[in-house]
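Raw coords26.cif, mmCIF, C-alpha atoms:
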```
data_final
#
loop_
_atom_site.label_atom_id
_atom_site.label_comp_id
_atom_site.auth_asym_id
_atom_site.auth_seq_id
_atom_site.Cartn_x
_atom_site.Cartn_y
_atom_site.Cartn_z
CA LEU A 1 30.35 30.50 10.82
CA TYR A 2 33.09 27.85 10.46
CA ASP A 3 32.75 24.45 12.18
CA GLY A 4 36.19 23.14 11.27
CA ILE A 5 34.93 21.55 8.05
CA ASN A 6 32.58 23.96 6.30
CA TYR A 7 31.63 27.61 6.28
CA PHE A 8 27.99 28.54 6.88
CA ILE A 9 26.03 31.70 6.19
CA SER A 10 22.58 32.43 7.64
CA LEU A 11 20.04 34.52 5.73
CA THR A 12 16.77 35.82 7.19
CA CYS A 13 13.90 36.87 4.94
CA PHE A 14 10.83 38.71 6.21
CA ILE A 15 7.59 38.35 4.22
CA ASP A 16 4.27 40.03 5.00
CA LYS A 17 1.96 37.14 5.98
CA ASP A 18 -1.10 39.05 4.71
CA LYS A 19 0.33 38.94 1.19
CA ILE A 20 0.85 35.17 1.18
CA VAL A 21 -1.97 33.36 -0.61
CA LYS A 22 -2.08 29.69 0.38
CA GLU A 23 -4.47 27.18 -1.09
CA LYS A 24 -6.71 25.73 1.60
CA TYR A 25 -6.97 21.96 1.92
CA ASN A 26 -9.45 19.83 3.77
CA ASN A 27 -8.00 16.38 3.35
CA ILE A 28 -6.38 13.56 5.26
CA VAL A 29 -3.67 11.08 4.35
CA GLY A 30 -2.27 7.95 5.96
CA ILE A 31 1.43 7.16 5.60
CA ASP A 32 2.89 3.68 5.96
CA MET A 33 6.64 3.47 6.59
CA GLY A 34 8.53 0.36 5.60
CA VAL A 35 11.64 -1.38 4.32
CA SER A 36 10.54 -2.42 0.82
CA THR A 37 8.92 0.97 0.21
CA THR A 38 10.15 3.89 2.28
CA LEU A 39 6.79 5.69 2.32
CA ALA A 40 3.43 4.59 0.96
CA LEU A 41 0.54 7.06 1.07
CA SER A 42 -3.12 6.10 1.26
CA ASN A 43 -3.75 7.88 -2.05
CA GLY A 44 -1.39 5.50 -3.86
CA GLU A 45 1.76 7.63 -3.90
CA LYS A 46 4.99 5.79 -3.10
CA TYR A 47 8.48 7.05 -2.26
CA ASN A 48 11.62 4.93 -2.30
CA ILE A 49 14.52 6.84 -0.78
CA SER A 50 18.00 5.45 -0.31
CA ILE A 51 21.21 7.45 0.12
CA GLU A 52 24.07 4.99 0.24
CA GLU A 53 27.71 5.52 1.07
CA SER A 54 29.53 7.26 -1.77
CA GLU A 55 32.45 5.69 -3.63
CA ARG A 56 34.61 8.53 -2.35
CA LEU A 57 33.72 7.62 1.24
CA LYS A 58 34.59 3.95 0.67
CA LYS A 59 37.96 4.86 -0.86
CA LEU A 60 38.79 7.24 1.99
CA GLU A 61 37.92 4.58 4.59
CA ALA A 62 40.12 2.05 2.80
CA LYS A 63 42.93 4.60 2.61
CA LEU A 64 42.60 5.40 6.31
CA ALA A 65 42.92 1.72 7.23
CA ARG A 66 46.31 1.57 5.52
CA GLN A 67 47.77 4.71 7.07
CA ILE A 68 49.94 4.97 10.16
CA LYS A 69 48.21 6.25 13.29
CA GLY A 70 49.37 9.70 14.31
CA SER A 71 50.76 10.60 10.86
CA ASN A 72 49.96 13.87 9.11
CA ASN A 73 48.55 12.01 6.10
CA ARG A 74 46.16 10.09 8.35
CA TYR A 75 45.01 13.38 9.92
CA LYS A 76 44.33 14.83 6.44
CA THR A 77 42.34 11.72 5.46
CA ILE A 78 40.25 11.91 8.66
CA LYS A 79 39.44 15.53 7.84
CA LYS A 80 38.33 14.53 4.33
CA LEU A 81 36.24 11.69 5.80
CA ARG A 82 34.46 14.06 8.17
CA LYS A 83 33.68 16.34 5.25
CA GLU A 84 32.29 13.47 3.17
CA TYR A 85 30.14 12.19 6.05
CA ASN A 86 28.86 15.73 6.53
CA HIS A 87 28.02 15.94 2.82
CA ILE A 88 25.98 12.71 2.95
CA ASN A 89 24.23 13.83 6.13
CA ASN A 90 23.28 17.14 4.48
CA LYS A 91 21.83 15.27 1.49
CA LYS A 92 19.64 13.19 3.84
CA ASN A 93 18.47 16.27 5.74
CA ASP A 94 17.70 18.11 2.51
CA ILE A 95 15.48 15.32 1.13
CA ALA A 96 13.76 14.80 4.49
CA ASN A 97 13.04 18.53 4.86
CA LYS A 98 11.61 18.83 1.35
CA LEU A 99 9.42 15.75 1.66
CA VAL A 100 8.05 16.68 5.10
CA HIS A 101 7.40 20.24 3.89
CA TYR A 102 5.44 18.85 0.92
CA LEU A 103 3.32 16.59 3.15
CA LEU A 104 2.55 19.26 5.76
CA ASP A 105 1.81 21.83 3.08
CA ASN A 106 -0.63 19.62 1.16
CA TYR A 107 -2.54 17.77 3.87
CA ASP A 108 -4.54 19.00 6.85
CA THR A 109 -4.24 15.75 8.80
CA ILE A 110 -1.51 13.13 8.50
CA VAL A 111 -1.90 9.77 10.23
CA ILE A 112 1.15 7.58 10.87
CA GLN A 113 1.93 4.60 13.09
CA ASP A 114 4.51 4.62 15.86
CA GLU A 115 6.92 2.37 13.99
CA GLN A 116 9.94 1.12 15.95
CA ILE A 117 12.44 2.15 13.28
CA ALA A 118 15.47 1.88 15.58
CA LYS A 119 14.71 -1.82 16.15
CA TRP A 120 14.44 -2.44 12.40
CA LYS A 121 18.15 -1.62 12.14
CA GLU A 122 18.93 -4.62 14.36
CA ASP A 123 17.53 -6.94 11.68
CA GLY A 124 20.42 -8.38 9.67
CA LEU A 125 18.41 -8.27 6.43
CA SER A 126 16.63 -4.91 6.59
CA GLY A 127 19.19 -3.11 8.76
CA PRO A 128 21.37 -1.82 5.89
CA LYS A 129 18.33 -0.56 3.94
CA ILE A 130 17.06 1.34 6.97
CA GLN A 131 20.53 2.76 7.57
CA HIS A 132 20.56 4.19 4.05
CA SER A 133 17.00 5.52 4.26
CA ILE A 134 15.81 8.67 6.01
CA LEU A 135 12.81 7.15 7.80
CA GLY A 136 13.97 8.19 11.27
CA ARG A 137 14.45 11.79 10.19
CA ILE A 138 11.08 11.94 8.46
CA LYS A 139 9.26 10.46 11.45
CA ASN A 140 10.94 12.82 13.94
CA LYS A 141 10.06 15.85 11.82
CA LEU A 142 6.45 14.74 11.30
CA VAL A 143 5.62 13.98 14.94
CA SER A 144 6.65 17.51 15.93
CA SER A 145 3.73 18.92 13.89
CA ASP A 146 0.21 19.45 15.23
CA LYS A 147 -1.14 18.15 11.92
CA VAL A 148 0.19 14.66 12.59
CA VAL A 149 -1.69 11.96 14.53
CA VAL A 150 0.24 8.90 15.74
CA LEU A 151 -1.37 5.48 16.17
CA ASP A 152 0.46 3.24 18.60
CA LYS A 153 2.32 0.21 17.26
CA TRP A 154 -0.39 -2.27 18.32
CA PHE A 155 -2.93 -1.22 15.67
CA PRO A 156 -3.21 -4.11 13.13
CA THR A 157 -2.89 -1.79 10.14
CA SER A 158 -1.54 -4.49 7.80
CA LYS A 159 -3.89 -7.36 8.73
CA PHE A 160 -7.19 -5.52 9.28
CA CYS A 161 -9.74 -5.22 6.44
CA TYR A 162 -11.45 -1.83 6.59
CA ASN A 163 -14.01 -3.09 4.06
CA CYS A 164 -15.60 -5.80 6.25
CA GLY A 165 -13.76 -5.63 9.60
CA HIS A 166 -12.11 -9.06 9.29
CA LYS A 167 -8.53 -9.54 10.53
CA ASN A 168 -6.32 -11.67 8.30
CA ASP A 169 -3.89 -13.27 10.77
CA SER A 170 -2.39 -15.47 8.04
CA LEU A 171 -0.69 -12.45 6.41
CA THR A 172 3.12 -12.68 6.63
CA LEU A 173 5.92 -10.17 6.07
CA LYS A 174 6.65 -11.77 2.68
CA ASP A 175 3.11 -11.04 1.42
CA ARG A 176 3.20 -7.78 -0.56
CA GLU A 177 -0.54 -7.83 -1.27
CA PHE A 178 -3.40 -7.86 1.20
CA VAL A 179 -6.23 -10.24 0.33
CA CYS A 180 -9.18 -10.53 2.69
CA PRO A 181 -10.38 -14.17 2.93
CA ASN A 182 -13.77 -12.91 4.12
CA CYS A 183 -14.83 -10.33 1.51
CA GLY A 184 -12.16 -10.68 -1.16
CA ASN A 185 -10.86 -7.13 -0.77
CA LYS A 186 -7.47 -6.97 -2.52
CA LYS A 187 -4.93 -4.16 -2.29
CA ASP A 188 -1.21 -3.39 -2.21
CA ARG A 189 -0.08 -4.22 1.33
CA ASP A 190 1.54 -0.84 2.12
CA ILE A 191 -1.24 1.30 0.62
CA HIS A 192 -3.80 -0.87 2.41
CA ALA A 193 -2.02 -0.25 5.74
CA ALA A 194 -2.00 3.50 5.08
CA ASN A 195 -5.75 3.45 4.41
CA ASN A 196 -6.31 1.47 7.61
CA MET A 197 -4.57 4.26 9.54
CA ILE A 198 -7.21 6.69 8.31
CA TYR A 199 -9.94 4.17 9.19
CA PHE A 200 -8.70 3.75 12.77
CA TYR A 201 -8.22 7.50 13.21
CA LEU A 202 -11.69 8.43 11.96
CA HIS A 203 -13.37 5.70 14.02
CA SER A 204 -11.47 6.89 17.09
CA ILE A 205 -12.62 10.51 16.91
CA ASN A 206 -16.13 10.08 15.43
CA ALA A 207 -17.59 7.07 17.27
CA PRO A 208 -19.67 7.81 20.39
CA GLY A 209 -18.66 6.44 23.78
CA THR A 210 -15.43 6.70 25.73
CA ASP A 211 -13.24 9.57 24.53
CA VAL A 212 -9.88 8.57 23.12
CA ASN A 213 -7.00 10.32 24.86
CA MET A 214 -5.04 12.39 22.33
CA SER A 215 -3.59 14.86 24.82
CA VAL A 216 -0.08 13.38 24.76
CA ASP A 217 1.76 14.01 21.47
CA ASN A 218 -1.43 13.45 19.44
CA LYS A 219 -1.17 9.70 20.03
CA ILE A 220 -4.05 7.20 19.91
CA SER A 221 -3.87 4.05 22.01
CA TYR A 222 -5.10 0.77 20.49
CA LYS A 223 -6.25 -0.39 23.91
CA GLU A 224 -8.44 2.70 24.25
CA PHE A 225 -9.66 2.30 20.68
CA VAL A 226 -10.85 -1.28 21.37
CA ALA A 227 -12.52 -0.19 24.62
CA LYS A 228 -14.31 2.57 22.75
CA GLN A 229 -15.57 0.22 20.03
CA GLU A 230 -16.80 -2.30 22.63
CA SER A 231 -18.56 0.50 24.50
CA THR A 232 -20.24 1.63 21.29
CA THR A 233 -21.34 -1.91 20.39
CA SER A 234 -22.78 -2.62 23.84
CA SER A 235 -24.77 0.62 23.83
CA VAL A 236 -26.48 -0.18 20.51
#
```
Do you think you could lay out the structure here as structure tokens?
Amino acid sequence: LYDGINYFISLTCFIDKDKIVKEKYNNIVGIDMGVSTTLALSNGEKYNISIEESERLKKLEAKLARQIKGSNNRYKTIKKLRKEYNHINNKKNDIANKLVHYLLDNYDTIVIQDEQIAKWKEDGLSGPKIQHSILGRIKNKLVSSDKVVVLDKWFPTSKFCYNCGHKNDSLTLKDREFVCPNCGNKKDRDIHAANNMIYFYLHSINAPGTDVNMSVDNKISYKEFVAKQESTTSSV
């Protein structure tokens, strides 16, 4: 297959499923997505991923700006630019595919928050970092799996203390460490948020009372979560 830039070949391999021995897991992980750290897992693992524009791409763009529109040389440069953009895009897809495969292969349940990544790009400071990351690709691939549970954006995953239940409203975006003023619990901000995701998920499915609706894309509503907790408290 030729798309005008590259040639592609498709290979299909058939393997007897009965002969595949897969290690069984019974674990859960929360994943916090962010600007400072691309991914922070509740078990302490962190991933910083950034694929910036190559020097070749910058030179080709500068060359294109100097060339005459409609010229053969400009056409050749555009073709080289398309190929370089395609190369960078393939690198992003490759890393995203490998990382998502690792997560889905090693964890039975993955809890993430419905981060508004597209809006982060509008921020003048964090926009470029998000543009060079692969957060959007990772999120889109994860949410398509039945293993992934999505908490809506209203869950206070950064400010809530799962140790005592206190909410630290004084926490700002500049604070990279969570410190609970009530119980003294101290933890890396991103890892703390990832652990809170597990807390909210487990309390949503295990607490008695009103059932939390997870029928739509495995999503959990914060409004329903609060209603469920209030129902549980009033029944005690």
Please report the interatomic distance between CA of Leu104 in chain A and CA of Leu142 in chain A in Å with one decimal. 8.1 Å
Tell me which protein, DNA and RNA residues are within 10 Å of Arg137 in chain A, counting all atoms listed in the file, leaving out same-chain ones fewer than 2 positions away, and put them as JSON, numbers by chain. {"A": [92, 93, 95, 96, 97, 100, 133, 134, 135, 139, 140, 141, 142]}
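You can rank A:Lys174, A:Lys159, A:Arg56, A:Lys129 by their closest distance to Arg82 in chain A using all atoms listed in the file, and at the top of that list sits A:Arg56.
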Running the PyMOL selection byres ((chain A and resi 64) around 10) on this model by hand, what would come out? Give it as a ChimeraX atom specification. /A:58-63,65-69,73-78,81
Expand the PyMOL selection byres ((chain A and resi 149) around 10) into the individual residues it matches in the shown file, reporting them as a VMD selection string. chain A and resid 30 109 to 114 142 to 143 145 to 148 150 to 152 197 to 198 201 214 217 to 220
Using only C-alpha atoms, please write the residues we just selected to a file, as a JSON list (two decimals), in the frame of the given file.
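Below is the file that was written, result-v4.json:
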```
[["chain", "number", "residue", "atom", "x", "y", "z"],
["A", 30, "GLY", "CA", -2.27, 7.95, 5.96],
["A", 109, "THR", "CA", -4.24, 15.75, 8.80],
["A", 110, "ILE", "CA", -1.51, 13.13, 8.50],
["A", 111, "VAL", "CA", -1.90, 9.77, 10.23],
["A", 112, "ILE", "CA", 1.15, 7.58, 10.87],
["A", 113, "GLN", "CA", 1.93, 4.60, 13.09],
["A", 114, "ASP", "CA", 4.51, 4.62, 15.86],
["A", 142, "LEU", "CA", 6.45, 14.74, 11.30],
["A", 143, "VAL", "CA", 5.62, 13.98, 14.94],
["A", 145, "SER", "CA", 3.73, 18.92, 13.89],
["A", 146, "ASP", "CA", 0.21, 19.45, 15.23],
["A", 147, "LYS", "CA", -1.14, 18.15, 11.92],
["A", 148, "VAL", "CA", 0.19, 14.66, 12.59],
["A", 150, "VAL", "CA", 0.24, 8.90, 15.74],
["A", 151, "LEU", "CA", -1.37, 5.48, 16.17],
["A", 152, "ASP", "CA", 0.46, 3.24, 18.60],
["A", 197, "MET", "CA", -4.57, 4.26, 9.54],
["A", 198, "ILE", "CA", -7.21, 6.69, 8.31],
["A", 201, "TYR", "CA", -8.22, 7.50, 13.21],
["A", 214, "MET", "CA", -5.04, 12.39, 22.33],
["A", 217, "ASP", "CA", 1.76, 14.01, 21.47],
["A", 218, "ASN", "CA", -1.43, 13.45, 19.44],
["A", 219, "LYS", "CA", -1.17, 9.70, 20.03],
["A", 220, "ILE", "CA", -4.05, 7.20, 19.91]]
```
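Among A:Tyr222, A:Ile130, A:Ser36, A:Cys180, the residue with the shortest atom-to-atom distance to Ser158 in chain A, counting only C-alpha atoms, is A:Cys180.
Relative to CA of Asn86 in chain A, CA of Asn6 in chain A is found at 9.0 Å.
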So how far away is CA of Asp175 in chain A from CA of Ala193 in chain A, in Å?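 That distance, rounded to one decimal, is 12.7 Å.
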Rank A:Ile5, A:Phe200, A:Val29, A:Leu99 by their smallest atom-to-atom distance to Leu41 in chain A, using all atoms listed in the file, and report the top residue only. A:Val29
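Residues matched by the PyMOL selection byres ((chain A and resi 132) around 12) in this file are Val35, Thr38, Asn48, Ile49, Ser50, Ile51, Glu52, Glu53, Ser54, Ile88, Asn89, Lys91, Lys92, Lys121, Ser126, Gly127, Pro128, Lys129, Ile130, Gln131, Ser133, Ile134, Leu135, Gly136 and Arg137 of chain A.
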Next, the residues of the selection above should be written as an mmCIF file, keeping the file's coordinate frame with C-alpha atoms.
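out.cif, written as the output of this step:
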```
data_model
loop_
_atom_site.group_PDB
_atom_site.id
_atom_site.type_symbol
_atom_site.label_atom_id
_atom_site.label_comp_id
_atom_site.auth_asym_id
_atom_site.auth_seq_id
_atom_site.Cartn_x
_atom_site.Cartn_y
_atom_site.Cartn_z
ATOM 1 C CA VAL A 35 11.640 -1.380 4.320
ATOM 2 C CA THR A 38 10.150 3.890 2.280
ATOM 3 C CA ASN A 48 11.620 4.930 -2.300
ATOM 4 C CA ILE A 49 14.520 6.840 -0.780
ATOM 5 C CA SER A 50 18.000 5.450 -0.310
ATOM 6 C CA ILE A 51 21.210 7.450 0.120
ATOM 7 C CA GLU A 52 24.070 4.990 0.240
ATOM 8 C CA GLU A 53 27.710 5.520 1.070
ATOM 9 C CA SER A 54 29.530 7.260 -1.770
ATOM 10 C CA ILE A 88 25.980 12.710 2.950
ATOM 11 C CA ASN A 89 24.230 13.830 6.130
ATOM 12 C CA LYS A 91 21.830 15.270 1.490
ATOM 13 C CA LYS A 92 19.640 13.190 3.840
ATOM 14 C CA LYS A 121 18.150 -1.620 12.140
ATOM 15 C CA SER A 126 16.630 -4.910 6.590
ATOM 16 C CA GLY A 127 19.190 -3.110 8.760
ATOM 17 C CA PRO A 128 21.370 -1.820 5.890
ATOM 18 C CA LYS A 129 18.330 -0.560 3.940
ATOM 19 C CA ILE A 130 17.060 1.340 6.970
ATOM 20 C CA GLN A 131 20.530 2.760 7.570
ATOM 21 C CA SER A 133 17.000 5.520 4.260
ATOM 22 C CA ILE A 134 15.810 8.670 6.010
ATOM 23 C CA LEU A 135 12.810 7.150 7.800
ATOM 24 C CA GLY A 136 13.970 8.190 11.270
ATOM 25 C CA ARG A 137 14.450 11.790 10.190
#
```
Give me, as JSON, numbers by chain, all polymer residues having an atom no more than 10 Å from Asn43 in chain A, counting all atoms listed in the file and skipping those fewer than 6 positions away in the same chain. {"A": [28, 29, 30, 31, 191, 192, 194, 195]}
